[in-house]
file run-v5.txt (compact mmCIF, C-alpha atoms)
# COMPACT_ATOMS: atom_id res chain seq x y z
CA MET U 1 24.07 -69.38 -88.67
CA SER U 2 25.50 -68.59 -85.22
CA ASN U 3 27.56 -71.28 -83.53
CA VAL U 4 29.27 -71.84 -80.18
CA LEU U 5 31.87 -74.44 -79.24
CA LEU U 6 32.38 -75.70 -75.69
CA LYS U 7 35.76 -77.44 -75.42
CA ASN U 8 38.02 -78.96 -72.76
CA ILE U 9 35.03 -80.33 -70.86
CA GLY U 10 35.99 -82.62 -67.99
CA THR U 11 32.65 -84.42 -67.60
CA ILE U 12 29.40 -84.25 -69.58
CA VAL U 13 26.21 -85.17 -67.71
CA SER U 14 23.68 -86.23 -70.33
CA GLY U 15 20.36 -85.71 -68.55
CA ASP U 16 19.41 -89.28 -69.51
CA ILE U 17 19.12 -91.28 -66.29
CA ASP U 18 19.73 -94.54 -68.15
CA ASP U 19 23.08 -93.24 -69.43
CA PRO U 20 24.07 -90.30 -67.20
CA ILE U 21 27.67 -89.71 -68.32
CA LEU U 22 28.64 -89.08 -71.93
CA GLU U 23 32.02 -89.74 -73.50
CA GLY U 24 33.63 -86.64 -74.96
CA ASP U 25 35.09 -83.25 -74.21
CA ALA U 26 33.25 -80.92 -76.59
CA ILE U 27 29.76 -79.69 -77.50
CA LEU U 28 28.89 -77.80 -80.67
CA ILE U 29 25.87 -75.48 -80.71
CA GLU U 30 24.40 -74.21 -83.96
CA ASN U 31 21.52 -71.74 -84.09
CA LYS U 32 20.36 -72.41 -80.47
CA ILE U 33 20.46 -76.20 -80.89
CA ILE U 34 23.07 -78.76 -79.82
CA SER U 35 24.36 -80.19 -83.09
CA LYS U 36 27.21 -82.45 -81.94
CA VAL U 37 28.56 -83.97 -78.73
CA GLY U 38 31.82 -85.90 -78.58
CA THR U 39 35.59 -85.61 -78.72
CA LEU U 40 36.92 -82.39 -80.22
CA ALA U 41 39.63 -84.27 -82.10
CA ASP U 42 36.88 -86.03 -84.05
CA PHE U 43 35.07 -82.82 -85.03
CA GLU U 44 35.49 -81.53 -88.56
CA GLN U 45 37.24 -78.21 -89.16
CA LEU U 46 34.82 -75.57 -87.94
CA ASP U 47 34.36 -71.84 -88.42
CA ILE U 48 33.46 -70.97 -84.83
CA GLU U 49 32.03 -67.61 -83.78
CA LYS U 50 32.37 -68.17 -80.02
CA THR U 51 34.49 -70.66 -78.09
CA ILE U 52 34.10 -71.40 -74.40
CA ASP U 53 37.08 -73.10 -72.76
CA CYS U 54 35.55 -75.16 -69.94
CA LYS U 55 38.99 -75.89 -68.48
CA GLY U 56 38.16 -79.41 -67.34
CA THR U 57 34.91 -78.53 -65.56
CA THR U 58 31.53 -80.30 -65.69
CA VAL U 59 28.76 -79.48 -68.18
CA THR U 60 25.16 -80.44 -67.46
CA PRO U 61 21.80 -79.68 -69.03
CA GLY U 62 20.12 -76.61 -67.63
CA LEU U 63 18.24 -77.60 -64.48
CA ILE U 64 14.43 -77.62 -64.54
CA ASP U 65 12.38 -76.49 -61.55
CA SER U 66 9.29 -78.69 -61.81
CA HIS U 67 7.31 -76.79 -59.17
CA CYS U 68 7.03 -73.02 -58.89
CA HIS U 69 4.18 -70.66 -58.00
CA PRO U 70 4.73 -67.52 -60.07
CA ILE U 71 2.09 -64.88 -60.66
CA LEU U 72 2.78 -62.48 -63.51
CA GLY U 73 6.16 -60.93 -64.20
CA ASP U 74 9.11 -61.55 -61.89
CA TYR U 75 7.43 -60.69 -58.61
CA THR U 76 5.82 -62.76 -55.87
CA SER U 77 3.28 -61.34 -53.45
CA ARG U 78 3.78 -64.47 -51.29
CA GLN U 79 7.11 -63.07 -50.07
CA ASN U 80 6.85 -59.53 -51.49
CA GLN U 81 9.99 -60.17 -53.52
CA ALA U 82 11.00 -59.11 -56.99
CA GLY U 83 13.52 -60.93 -59.21
CA PHE U 84 13.01 -64.40 -57.75
CA LEU U 85 12.72 -66.13 -61.14
CA GLU U 86 15.88 -64.53 -62.52
CA SER U 87 17.63 -65.45 -59.29
CA GLU U 88 16.96 -69.17 -59.91
CA LEU U 89 18.90 -68.81 -63.15
CA HIS U 90 22.00 -68.15 -61.03
CA GLY U 91 21.37 -71.56 -59.43
CA GLY U 92 21.64 -73.25 -62.83
CA VAL U 93 17.86 -73.37 -63.48
CA THR U 94 17.05 -72.60 -67.12
CA THR U 95 13.40 -73.74 -67.15
CA ILE U 96 10.72 -73.12 -64.51
CA ILE U 97 7.33 -74.83 -64.54
CA SER U 98 4.28 -73.32 -62.86
CA ALA U 99 2.23 -75.48 -60.52
CA GLY U 100 -0.46 -72.79 -60.44
CA GLU U 101 -0.60 -69.01 -60.10
CA VAL U 102 -2.36 -69.52 -56.80
CA HIS U 103 -0.74 -66.59 -54.94
CA LEU U 104 -2.26 -63.89 -57.16
CA LYS U 105 -4.04 -61.41 -54.91
CA GLY U 106 -7.75 -61.65 -55.62
CA ARG U 107 -7.27 -64.74 -57.78
CA PRO U 108 -10.55 -65.36 -59.62
CA ILE U 109 -12.29 -68.65 -59.00
CA ASP U 110 -15.23 -68.31 -61.37
CA ARG U 111 -15.24 -70.11 -64.69
CA ALA U 112 -14.39 -67.08 -66.84
CA GLY U 113 -11.73 -65.79 -64.44
CA VAL U 114 -10.01 -69.16 -64.08
CA LYS U 115 -9.67 -69.44 -67.84
CA ALA U 116 -8.57 -65.83 -68.23
CA LEU U 117 -5.79 -66.14 -65.65
CA ALA U 118 -4.42 -69.38 -67.09
CA ILE U 119 -4.40 -68.00 -70.64
CA LEU U 120 -2.91 -64.67 -69.58
CA ALA U 121 -0.11 -66.30 -67.57
CA ALA U 122 0.69 -68.79 -70.33
CA LYS U 123 0.87 -66.07 -72.99
CA SER U 124 2.71 -63.61 -70.77
CA PHE U 125 5.51 -66.01 -69.85
CA ASN U 126 5.71 -67.20 -73.44
CA ASN U 127 6.87 -63.65 -74.23
CA PHE U 128 8.85 -62.90 -71.07
CA ARG U 129 12.06 -64.60 -69.96
CA PRO U 130 13.38 -63.12 -66.70
CA GLY U 131 17.12 -62.86 -67.24
CA GLY U 132 16.77 -65.50 -69.94
CA VAL U 133 15.08 -68.27 -67.92
CA LYS U 134 12.21 -70.07 -69.69
CA VAL U 135 8.99 -70.07 -67.66
CA ARG U 136 6.11 -72.34 -68.58
CA GLY U 137 3.26 -70.48 -66.92
CA GLY U 138 -0.50 -70.67 -66.89
CA ALA U 139 -1.21 -73.79 -64.84
CA VAL U 140 -4.98 -73.77 -64.48
CA ILE U 141 -6.32 -74.37 -60.97
CA LEU U 142 -9.34 -76.67 -61.04
CA GLU U 143 -12.46 -74.89 -59.84
CA LYS U 144 -16.05 -76.06 -59.83
CA GLY U 145 -17.99 -75.11 -62.96
CA LEU U 146 -15.27 -75.70 -65.56
CA LEU U 147 -16.45 -77.59 -68.64
CA PHE U 148 -14.73 -79.64 -71.32
CA GLU U 149 -15.12 -76.75 -73.77
CA ASP U 150 -13.12 -74.57 -71.35
CA PHE U 151 -10.17 -76.97 -71.46
CA LYS U 152 -10.33 -77.02 -75.26
CA GLU U 153 -10.35 -73.23 -75.33
CA MET U 154 -7.42 -72.96 -72.91
CA ALA U 155 -5.39 -75.55 -74.81
CA LYS U 156 -6.02 -73.71 -78.07
CA GLU U 157 -4.65 -70.54 -76.44
CA GLY U 158 -1.46 -72.23 -75.22
CA VAL U 159 -2.29 -73.58 -71.74
CA THR U 160 -0.45 -76.88 -71.26
CA LEU U 161 -0.63 -77.41 -67.50
CA VAL U 162 -3.10 -78.20 -64.74
CA GLY U 163 -1.79 -76.83 -61.45
CA GLU U 164 -1.86 -78.76 -58.21
CA ILE U 165 -5.27 -80.35 -57.79
CA GLY U 166 -6.40 -79.57 -54.27
CA LEU U 167 -5.50 -75.89 -54.32
CA GLY U 168 -8.87 -74.98 -55.83
CA SER U 169 -12.47 -75.90 -55.03
CA VAL U 170 -12.21 -79.25 -56.84
CA LYS U 171 -10.83 -81.58 -54.17
CA ASP U 172 -12.78 -84.83 -54.41
CA PRO U 173 -10.76 -87.27 -56.56
CA LYS U 174 -13.87 -88.56 -58.37
CA GLU U 175 -14.84 -85.03 -59.35
CA ALA U 176 -11.24 -84.22 -60.25
CA ALA U 177 -10.92 -87.35 -62.41
CA VAL U 178 -13.52 -86.02 -64.85
CA MET U 179 -11.62 -82.78 -65.38
CA VAL U 180 -8.30 -84.63 -65.47
CA GLY U 181 -9.67 -86.69 -68.34
CA TRP U 182 -10.69 -83.53 -70.19
CA ALA U 183 -7.28 -81.94 -69.57
CA LYS U 184 -5.37 -84.97 -70.81
CA GLU U 185 -7.55 -85.18 -73.90
CA CYS U 186 -6.45 -81.60 -74.59
CA GLY U 187 -2.75 -82.50 -74.15
CA MET U 188 -2.24 -80.98 -70.71
CA THR U 189 0.09 -82.32 -68.01
CA VAL U 190 -1.68 -82.71 -64.65
CA MET U 191 -0.20 -82.24 -61.17
CA MET U 192 -1.85 -83.12 -57.87
CA HIS U 193 -1.01 -81.83 -54.41
CA THR U 194 0.19 -84.68 -52.17
CA GLY U 195 0.43 -84.58 -48.38
CA GLY U 196 -0.86 -82.18 -45.73
CA THR U 197 -2.38 -78.77 -46.31
CA SER U 198 -0.05 -76.03 -47.49
CA ILE U 199 -2.23 -72.92 -47.54
CA PRO U 200 -5.73 -72.09 -46.28
CA GLY U 201 -8.23 -73.68 -48.64
CA SER U 202 -5.98 -76.57 -49.70
CA SER U 203 -6.57 -80.12 -48.49
CA CYS U 204 -4.78 -83.26 -47.29
CA VAL U 205 -4.20 -85.68 -50.16
CA THR U 206 -3.34 -89.38 -49.91
CA ALA U 207 -1.71 -91.75 -52.38
CA GLU U 208 -5.07 -93.36 -53.09
CA MET U 209 -6.58 -89.98 -53.95
CA VAL U 210 -3.73 -89.20 -56.38
CA MET U 211 -4.22 -92.52 -58.15
CA GLU U 212 -8.02 -92.17 -58.23
CA ALA U 213 -7.82 -88.70 -59.77
CA GLY U 214 -5.52 -89.96 -62.53
CA SER U 215 -2.94 -87.16 -62.38
CA ASP U 216 0.39 -87.41 -64.17
CA ILE U 217 2.47 -86.21 -61.24
CA ALA U 218 2.25 -86.61 -57.47
CA SER U 219 3.50 -83.20 -56.41
CA HIS U 220 5.97 -83.08 -53.52
CA ILE U 221 5.76 -86.64 -52.22
CA ASN U 222 8.02 -85.41 -49.41
CA GLY U 223 5.50 -82.77 -48.44
CA GLY U 224 4.53 -79.30 -49.38
CA PRO U 225 5.59 -78.84 -46.63
CA THR U 226 3.97 -81.71 -44.63
CA ALA U 227 4.68 -85.14 -46.07
CA ILE U 228 2.54 -88.23 -46.44
CA SER U 229 3.83 -91.24 -44.50
CA MET U 230 6.47 -93.50 -46.01
CA ASP U 231 3.82 -96.20 -46.37
CA GLU U 232 1.90 -93.79 -48.59
CA VAL U 233 5.07 -92.94 -50.54
CA LYS U 234 5.67 -96.65 -51.09
CA LYS U 235 2.14 -97.03 -52.45
CA LEU U 236 2.79 -94.34 -55.04
CA VAL U 237 6.08 -95.99 -56.02
CA THR U 238 4.83 -99.57 -56.24
CA ASP U 239 1.13 -99.23 -57.09
CA SER U 240 1.17 -96.39 -59.61
CA LYS U 241 3.12 -95.03 -62.55
CA VAL U 242 2.83 -91.33 -61.73
CA GLY U 243 5.77 -88.97 -61.72
CA LEU U 244 7.25 -88.66 -58.23
CA GLU U 245 8.25 -85.13 -57.30
CA ILE U 246 10.68 -84.32 -54.49
CA VAL U 247 10.92 -80.67 -53.47
CA HIS U 248 13.12 -78.38 -51.44
CA CYS U 249 10.29 -76.82 -49.42
CA GLY U 250 9.26 -80.15 -47.96
CA ASN U 251 10.29 -82.81 -45.46
CA PRO U 252 14.00 -83.68 -45.89
CA LEU U 253 13.77 -87.01 -44.04
CA VAL U 254 11.02 -88.28 -46.33
CA ALA U 255 12.95 -86.96 -49.33
CA VAL U 256 15.93 -89.11 -48.37
CA LYS U 257 13.85 -92.18 -47.53
CA ALA U 258 11.80 -91.83 -50.73
CA GLY U 259 14.93 -91.46 -52.83
CA ALA U 260 16.48 -94.57 -51.32
CA PHE U 261 13.23 -96.54 -51.84
CA CYS U 262 13.11 -95.49 -55.50
CA VAL U 263 16.65 -96.82 -55.89
CA GLU U 264 15.61 -100.10 -54.28
CA LYS U 265 12.63 -100.43 -56.64
CA ASN U 266 14.55 -99.22 -59.71
CA GLN U 267 12.19 -96.27 -60.20
CA LEU U 268 14.57 -93.31 -60.46
CA HIS U 269 13.33 -92.61 -63.99
CA ARG U 270 10.06 -91.38 -62.44
CA VAL U 271 11.60 -88.92 -59.98
CA ILE U 272 11.66 -85.18 -60.69
CA ILE U 273 12.88 -82.27 -58.57
CA GLY U 274 11.15 -79.00 -57.74
CA ASN U 275 11.41 -76.06 -55.39
CA ASP U 276 7.76 -75.50 -54.39
CA ALA U 277 8.56 -71.83 -53.91
CA PRO U 278 7.59 -69.10 -53.37
CA SER U 279 5.93 -70.47 -50.27
CA GLY U 280 5.92 -69.93 -46.56
CA THR U 281 9.39 -71.48 -46.61
CA GLY U 282 10.54 -68.57 -48.76
CA VAL U 283 12.15 -67.98 -52.12
CA VAL U 284 14.97 -70.46 -52.68
CA PRO U 285 17.23 -69.67 -55.68
CA LEU U 286 19.47 -72.69 -55.00
CA GLY U 287 16.64 -75.06 -54.06
CA ILE U 288 17.09 -77.43 -57.00
CA LEU U 289 20.83 -77.74 -56.40
CA ARG U 290 20.19 -78.32 -52.70
CA VAL U 291 17.78 -81.20 -53.37
CA ILE U 292 20.33 -82.70 -55.77
CA ASN U 293 22.92 -82.43 -52.96
CA LEU U 294 20.57 -83.93 -50.40
CA LEU U 295 19.81 -86.99 -52.50
CA ALA U 296 23.35 -87.51 -53.80
CA SER U 297 25.01 -87.15 -50.38
CA LEU U 298 22.55 -89.12 -48.22
CA THR U 299 21.19 -91.85 -50.53
CA PRO U 300 22.68 -94.33 -53.01
CA ILE U 301 21.72 -91.91 -55.82
CA SER U 302 24.80 -90.60 -57.64
CA ALA U 303 25.27 -86.91 -58.39
CA ALA U 304 24.90 -87.56 -62.11
CA GLN U 305 21.64 -89.46 -61.55
CA ALA U 306 20.27 -86.69 -59.34
CA ILE U 307 21.08 -84.12 -62.02
CA CYS U 308 19.26 -86.28 -64.58
CA MET U 309 16.23 -86.32 -62.29
CA ALA U 310 16.26 -82.50 -62.36
CA THR U 311 16.71 -82.34 -66.13
CA GLY U 312 15.86 -85.17 -68.52
CA ASN U 313 13.27 -86.83 -66.26
CA THR U 314 11.35 -83.58 -65.91
CA ALA U 315 11.64 -82.74 -69.59
CA LYS U 316 10.17 -86.11 -70.53
CA LEU U 317 7.19 -85.79 -68.16
CA PHE U 318 6.34 -82.29 -69.36
CA GLY U 319 7.17 -82.79 -73.03
CA LEU U 320 9.99 -80.21 -73.10
CA ASP U 321 12.57 -79.87 -75.85
CA THR U 322 15.40 -79.29 -73.39
CA GLY U 323 16.92 -81.15 -70.42
CA LEU U 324 19.21 -83.42 -72.45
CA ILE U 325 22.67 -82.97 -73.91
CA LYS U 326 22.17 -84.56 -77.29
CA ALA U 327 21.95 -83.48 -80.91
CA GLY U 328 18.64 -81.76 -81.58
CA SER U 329 18.01 -80.50 -78.04
CA PHE U 330 17.92 -76.79 -77.21
CA ALA U 331 21.29 -75.67 -75.87
CA ASP U 332 20.36 -74.87 -72.27
CA LEU U 333 23.54 -75.73 -70.38
CA VAL U 334 25.29 -75.21 -67.05
CA ILE U 335 29.06 -75.21 -66.61
CA MET U 336 29.91 -76.03 -62.99
CA ASP U 337 32.81 -77.10 -60.81
CA ALA U 338 33.55 -77.91 -57.20
CA PRO U 339 33.28 -74.78 -55.07
CA MET U 340 36.45 -73.33 -53.65
CA GLY U 341 37.42 -75.20 -50.49
CA SER U 342 35.36 -78.31 -51.22
CA VAL U 343 36.76 -81.77 -50.54
CA GLY U 344 35.40 -82.75 -53.97
CA GLY U 345 37.78 -82.68 -56.90
CA ASN U 346 35.03 -81.78 -59.38
CA ALA U 347 31.36 -80.77 -59.38
CA LEU U 348 30.00 -84.32 -59.05
CA GLU U 349 32.34 -85.22 -56.19
CA ALA U 350 31.44 -81.97 -54.42
CA ILE U 351 27.72 -82.69 -54.75
CA GLU U 352 28.15 -86.18 -53.33
CA ALA U 353 30.07 -84.61 -50.44
CA GLY U 354 27.07 -82.36 -49.78
CA ASP U 355 28.55 -79.14 -51.19
CA VAL U 356 26.66 -76.83 -53.54
CA PRO U 357 28.73 -76.69 -56.73
CA GLY U 358 30.01 -73.41 -58.11
CA VAL U 359 28.08 -72.39 -61.23
CA GLY U 360 30.61 -70.88 -63.58
CA MET U 361 28.37 -70.14 -66.55
CA VAL U 362 24.78 -70.66 -67.74
CA LEU U 363 23.65 -70.77 -71.36
CA VAL U 364 20.08 -70.61 -72.67
CA ASP U 365 19.53 -71.38 -76.36
CA GLY U 366 23.30 -71.24 -76.78
CA GLU U 367 23.59 -67.70 -75.41
CA ILE U 368 25.53 -66.90 -72.24
CA VAL U 369 22.94 -65.49 -69.80
CA VAL U 370 24.99 -65.91 -66.62
CA PRO U 371 28.76 -65.38 -67.04
CA LYS U 372 29.29 -66.21 -63.36
CA SER U 373 26.72 -67.06 -60.69
CA ARG U 374 26.10 -64.50 -57.99
CA ASN U 375 24.33 -67.08 -55.78
CA THR U 376 26.51 -70.19 -55.64
CA PRO U 377 29.93 -70.24 -54.00
CA PRO U 378 32.68 -69.45 -56.53
CA ALA U 379 33.80 -72.33 -58.71
CA THR U 380 37.35 -73.59 -58.23
CA THR U 381 37.85 -73.31 -61.99
CA GLN U 382 35.98 -70.72 -64.05
CA PRO U 383 35.24 -71.29 -67.78
CA VAL U 384 36.56 -68.67 -70.15
CA LEU U 385 34.98 -67.16 -73.26
CA LEU U 386 37.79 -66.97 -75.80

call {"tool": "encode", "arguments": {"input": "run-v5.txt", "output": "C-alpha cells"}}
result
Amino acid sequence: MSNVLLKNIGTIVSGDIDDPILEGDAILIENKIISKVGTLADFEQLDIEKTIDCKGTTVTPGLIDSHCHPILGDYTSRQNQAGFLESELHGGVTTIISAGEVHLKGRPIDRAGVKALAILAAKSFNNFRPGGVKVRGGAVILEKGLLFEDFKEMAKEGVTLVGEIGLGSVKDPKEAAVMVGWAKECGMTVMMHTGGTSIPGSSCVTAEMVMEAGSDIASHINGGPTAISMDEVKKLVTDSKVGLEIVHCGNPLVAVKAGAFCVEKNQLHRVIIGNDAPSGTGVVPLGILRVINLLASLTPISAAQAICMATGNTAKLFGLDTGLIKAGSFADLVIMDAPMGSVGGNALEAIEAGDVPGVGMVLVDGEIVVPKSRNTPPATTQPVLL
C-alpha cells in the first residue's frame, strides 16, 4: 500500500464550513485516501514511502470549479484554446464540474443526440484526466422531446448532471419542472441558469422561475454574466433552499453584496464557487482563487470560509467524495502560501488582503500532479518532497 506523509503544516483548512480550521500539523495518505489528520507527534511509527515537508505553509482541500463548459478533451471552441482544463489545475482546482457541453459545434438538440452527447461526455471524462484534474462531464441540456426513460438510460450509463436549464429549448419553468423531477428520481443534480442571457438562445431567468422549476442549484446568482437584482438574490437566499453559486465570469458587485447578505442570514453553507468559463469572458485558470479573494477581502467572509465554499460545500451538493480534509476522503490537496511580496504572513492572510496565494504543490489521489504552479505568483515558502 502506497503512503504519503505531509508534515510541518502551518494551517489545515478542513473544507467544512462549520469547522474551517483543523488542529494539527500532519496528514497521512494511504492508497489515495486520507487516513489520518492531526499532530505528527501523536502518529504511530510509520513506514513512509514519500514525505512532503510543508515548511509551515497552508494545506487545503483541492478546489472544485462548480461551473465549467467543456466539450470533449481539453479543448474549447468557445475561445479556440487547448489545455484550459489542465491549466485550472495550476490554480489549485482538482475537480471540475460541467454545467453543459453547450459550446460543441453542431451540438445536437434532438432526443437521440442529446442523450448521446451527455453519455459520451460523461464516459469520456471518466477515463480522461487532463494533467490529473478530475472532470465530471456529461451535463445533459434539457431539450423538448426528452422522456423519463431517457433520463433512466442516461443515469444507467453514468450521467449524473443536468446542465443549466435555459440553455436548451426547455425554458418554461413548468415544463422544466417535469424533467427536473425525472432527473432527480434518477439521482441527477440539477442546475438552472439565473440572470440575463449569456449566449444566443438562452433566456433571462428570475428567482421565482428557479424555485418553480425545482432545481438544486441557482447557477451564477451574480450573473452569467448579467446578474439578477439584489432583491432577486435575496429571494433565493430567504425563500428557497437551493445552492447559491457565485462565479468569476459574472458581476463582481453582486457577488460581494450576495456574499455579505449570506453572512447576515447565516447561509454560507449553501454558497458554492464556479468559474463559468470558457465563455465570452475567456478562459480563467485562476478564477476560483480570484472569487475566493474577492469574497474574503471585501465581505465579512473569512479566507478559510471562502475556501470551504469552493470545496466542501460544492462536494456536498454534488455528492463528491473529495473536498474535505478528513479520514476517508480522497487525497486531493493544495499546498499554498502567501505570494512573494504580499503583506499577508500566510496564505489566508494574503487572500484576505486580496492577493492570489502562491500554489506550491497540488496532489490528486495522493499523487503530486503539480510540483509548482506555473499560473499563480510564486509562493514565499515552497514545500519540499524529501

call {"tool": "residues_near_point", "arguments": {"input": "run-v5.txt", "point": "(32.0, -82.3, -67.6)", "cutoff": "12 Å", "atoms": "only C-alpha atoms", "output": "ChimeraX atom specification"}}
result
/U:6-14,20-27,37-38,53-61,304,325,333-338,346-349,383

call {"tool": "write_last_selection", "arguments": {"input": "run-v5.txt", "atoms": "C-alpha atoms", "output": "short mmCIF file (atom, residue, chain, number, x, y, z; two decimals), keeping the file's coordinate frame"}}
result
data_model
loop_
_atom_site.label_atom_id
_atom_site.label_comp_id
_atom_site.auth_asym_id
_atom_site.auth_seq_id
_atom_site.Cartn_x
_atom_site.Cartn_y
_atom_site.Cartn_z
CA LEU U 6 32.38 -75.70 -75.69
CA LYS U 7 35.76 -77.44 -75.42
CA ASN U 8 38.02 -78.96 -72.76
CA ILE U 9 35.03 -80.33 -70.86
CA GLY U 10 35.99 -82.62 -67.99
CA THR U 11 32.65 -84.42 -67.60
CA ILE U 12 29.40 -84.25 -69.58
CA VAL U 13 26.21 -85.17 -67.71
CA SER U 14 23.68 -86.23 -70.33
CA PRO U 20 24.07 -90.30 -67.20
CA ILE U 21 27.67 -89.71 -68.32
CA LEU U 22 28.64 -89.08 -71.93
CA GLU U 23 32.02 -89.74 -73.50
CA GLY U 24 33.63 -86.64 -74.96
CA ASP U 25 35.09 -83.25 -74.21
CA ALA U 26 33.25 -80.92 -76.59
CA ILE U 27 29.76 -79.69 -77.50
CA VAL U 37 28.56 -83.97 -78.73
CA GLY U 38 31.82 -85.90 -78.58
CA ASP U 53 37.08 -73.10 -72.76
CA CYS U 54 35.55 -75.16 -69.94
CA LYS U 55 38.99 -75.89 -68.48
CA GLY U 56 38.16 -79.41 -67.34
CA THR U 57 34.91 -78.53 -65.56
CA THR U 58 31.53 -80.30 -65.69
CA VAL U 59 28.76 -79.48 -68.18
CA THR U 60 25.16 -80.44 -67.46
CA PRO U 61 21.80 -79.68 -69.03
CA ALA U 304 24.90 -87.56 -62.11
CA ILE U 325 22.67 -82.97 -73.91
CA LEU U 333 23.54 -75.73 -70.38
CA VAL U 334 25.29 -75.21 -67.05
CA ILE U 335 29.06 -75.21 -66.61
CA MET U 336 29.91 -76.03 -62.99
CA ASP U 337 32.81 -77.10 -60.81
CA ALA U 338 33.55 -77.91 -57.20
CA ASN U 346 35.03 -81.78 -59.38
CA ALA U 347 31.36 -80.77 -59.38
CA LEU U 348 30.00 -84.32 -59.05
CA GLU U 349 32.34 -85.22 -56.19
CA PRO U 383 35.24 -71.29 -67.78
#

call {"tool": "closest_residue", "arguments": {"input": "run-v5.txt", "among": "U:Gly223, U:Gly344, U:Gly354, U:Gly319", "to": "U:Thr299", "atoms": "all atoms listed in the file"}}
result
U:Gly354

call {"tool": "closest_residue", "arguments": {"input": "run-v5.txt", "among": "U:Val114, U:Ile96, U:Val159, U:Val205", "to": "U:Cys186", "atoms": "all atoms listed in the file"}}
result
U:Val159

call {"tool": "residues_around", "arguments": {"input": "run-v5.txt", "residues": "U:Arg136", "least_positions_apart": "5", "cutoff": "8 Å", "atoms": "all atoms listed in the file", "output": "list in words"}}
result
Thr95, Ile96, Ile97, Ser98, Ala122, Phe125 and Asn126 of chain U

call {"tool": "residues_near_point", "arguments": {"input": "run-v5.txt", "point": "(16.4, -69.1, -69.2)", "cutoff": "8 Å", "atoms": "all atoms listed in the file", "output": "PyMOL selection string"}}
result
chain U and resi 89+93-95+129-135+332+363-364+369

call {"tool": "closest_residue", "arguments": {"input": "run-v5.txt", "among": "U:Asp110, U:Asp231, U:Arg78, U:Asn3", "to": "U:Ile48", "atoms": "all atoms listed in the file"}}
result
U:Asn3

call {"tool": "residues_around", "arguments": {"input": "run-v5.txt", "residues": "U:Ile33", "least_positions_apart": "3", "cutoff": "7 Å", "atoms": "all atoms listed in the file", "output": "ChimeraX atom specification"}}
result
/U:29-30,328-331,365

call {"tool": "residues_around", "arguments": {"input": "run-v5.txt", "residues": "U:Thr380", "least_positions_apart": "2", "cutoff": "8 Å", "atoms": "only C-alpha atoms", "output": "ChimeraX atom specification"}}
result
/U:337-341,358,378,382

call {"tool": "residues_around", "arguments": {"input": "run-v5.txt", "residues": "U:Met309", "least_positions_apart": "2", "cutoff": "9 Å", "atoms": "all atoms listed in the file", "output": "NGL selection string"}}
result
:U and (15-17 or 268-273 or 292 or 304-307 or 311-314)

call {"tool": "atom_distance", "arguments": {"input": "run-v5.txt", "atom1": "atom CA of U:Gly163", "atom2": "atom CA of U:Met211"}}
result
16.2 Å

call {"tool": "residues_around", "arguments": {"input": "run-v5.txt", "residues": "U:Ile288", "least_positions_apart": "3", "cutoff": "12 Å", "atoms": "all atoms listed in the file", "output": "MDAnalysis selection string"}}
result
chainID U and resid 62:68 88:96 245:249 272:277 283:285 291:295 306:311 356:357 376

call {"tool": "closest_residue", "arguments": {"input": "run-v5.txt", "among": "U:Ser87, U:Lys257, U:Val263, U:Ile34", "to": "U:Val370", "atoms": "all atoms listed in the file"}}
result
U:Ser87

call {"tool": "atom_distance", "arguments": {"input": "run-v5.txt", "atom1": "atom CA of U:Ala303", "atom2": "atom CA of U:Leu289"}}
result
10.4 Å

call {"tool": "closest_residue", "arguments": {"input": "run-v5.txt", "among": "U:Leu147, U:Val210, U:Leu161, U:Ile52", "to": "U:Pro173", "atoms": "only C-alpha atoms"}}
result
U:Val210

call {"tool": "closest_residue", "arguments": {"input": "run-v5.txt", "among": "U:Leu324, U:Leu317, U:Ala350, U:Ile71", "to": "U:Leu85", "atoms": "all atoms listed in the file"}}
result
U:Ile71

call {"tool": "atom_distance", "arguments": {"input": "run-v5.txt", "atom1": "atom CA of U:Leu120", "atom2": "atom CA of U:Val190"}}
result
18.7 Å

call {"tool": "axis_aligned_box", "arguments": {"input": "run-v5.txt", "around": "stretch 143-147 of chain U", "padding_each_side": "8 Å", "output": "AutoDock Vina command-line options"}}
result
--center_x -15.2 --center_y -76.2 --center_z -64.2 --size_x 21.5 --size_y 18.7 --size_z 24.8

call {"tool": "decode", "arguments": {"input": "run-v5.txt", "residues": "stretch 366-372 of chain U", "atoms": "N, CA, C and O atoms", "output": "compact mmCIF listing (two decimals), in the first residue's frame"}}
result
# COMPACT_ATOMS: atom_id res chain seq x y z
N GLY U 366 -3.51 11.66 -3.78
CA GLY U 366 -2.25 11.44 -3.08
C GLY U 366 -1.02 11.51 -3.95
O GLY U 366 0.10 11.37 -3.45
N GLU U 367 -1.18 11.76 -5.25
CA GLU U 367 -0.04 11.87 -6.16
C GLU U 367 0.22 13.33 -6.48
O GLU U 367 -0.72 14.11 -6.72
N ILE U 368 1.49 13.72 -6.52
CA ILE U 368 1.85 15.09 -6.87
C ILE U 368 1.64 15.28 -8.37
O ILE U 368 2.33 14.64 -9.18
N VAL U 369 0.69 16.15 -8.74
CA VAL U 369 0.42 16.40 -10.17
C VAL U 369 0.94 17.78 -10.58
O VAL U 369 1.15 18.03 -11.77
N VAL U 370 1.10 18.66 -9.61
CA VAL U 370 1.71 19.97 -9.87
C VAL U 370 2.78 20.19 -8.80
O VAL U 370 2.47 20.43 -7.64
N PRO U 371 4.07 20.08 -9.15
CA PRO U 371 5.12 20.32 -8.16
C PRO U 371 5.29 21.79 -7.82
O PRO U 371 5.80 22.14 -6.75
N LYS U 372 4.84 22.67 -8.74
CA LYS U 372 4.90 24.11 -8.51
C LYS U 372 4.04 24.77 -9.57
O LYS U 372 4.21 24.51 -10.77
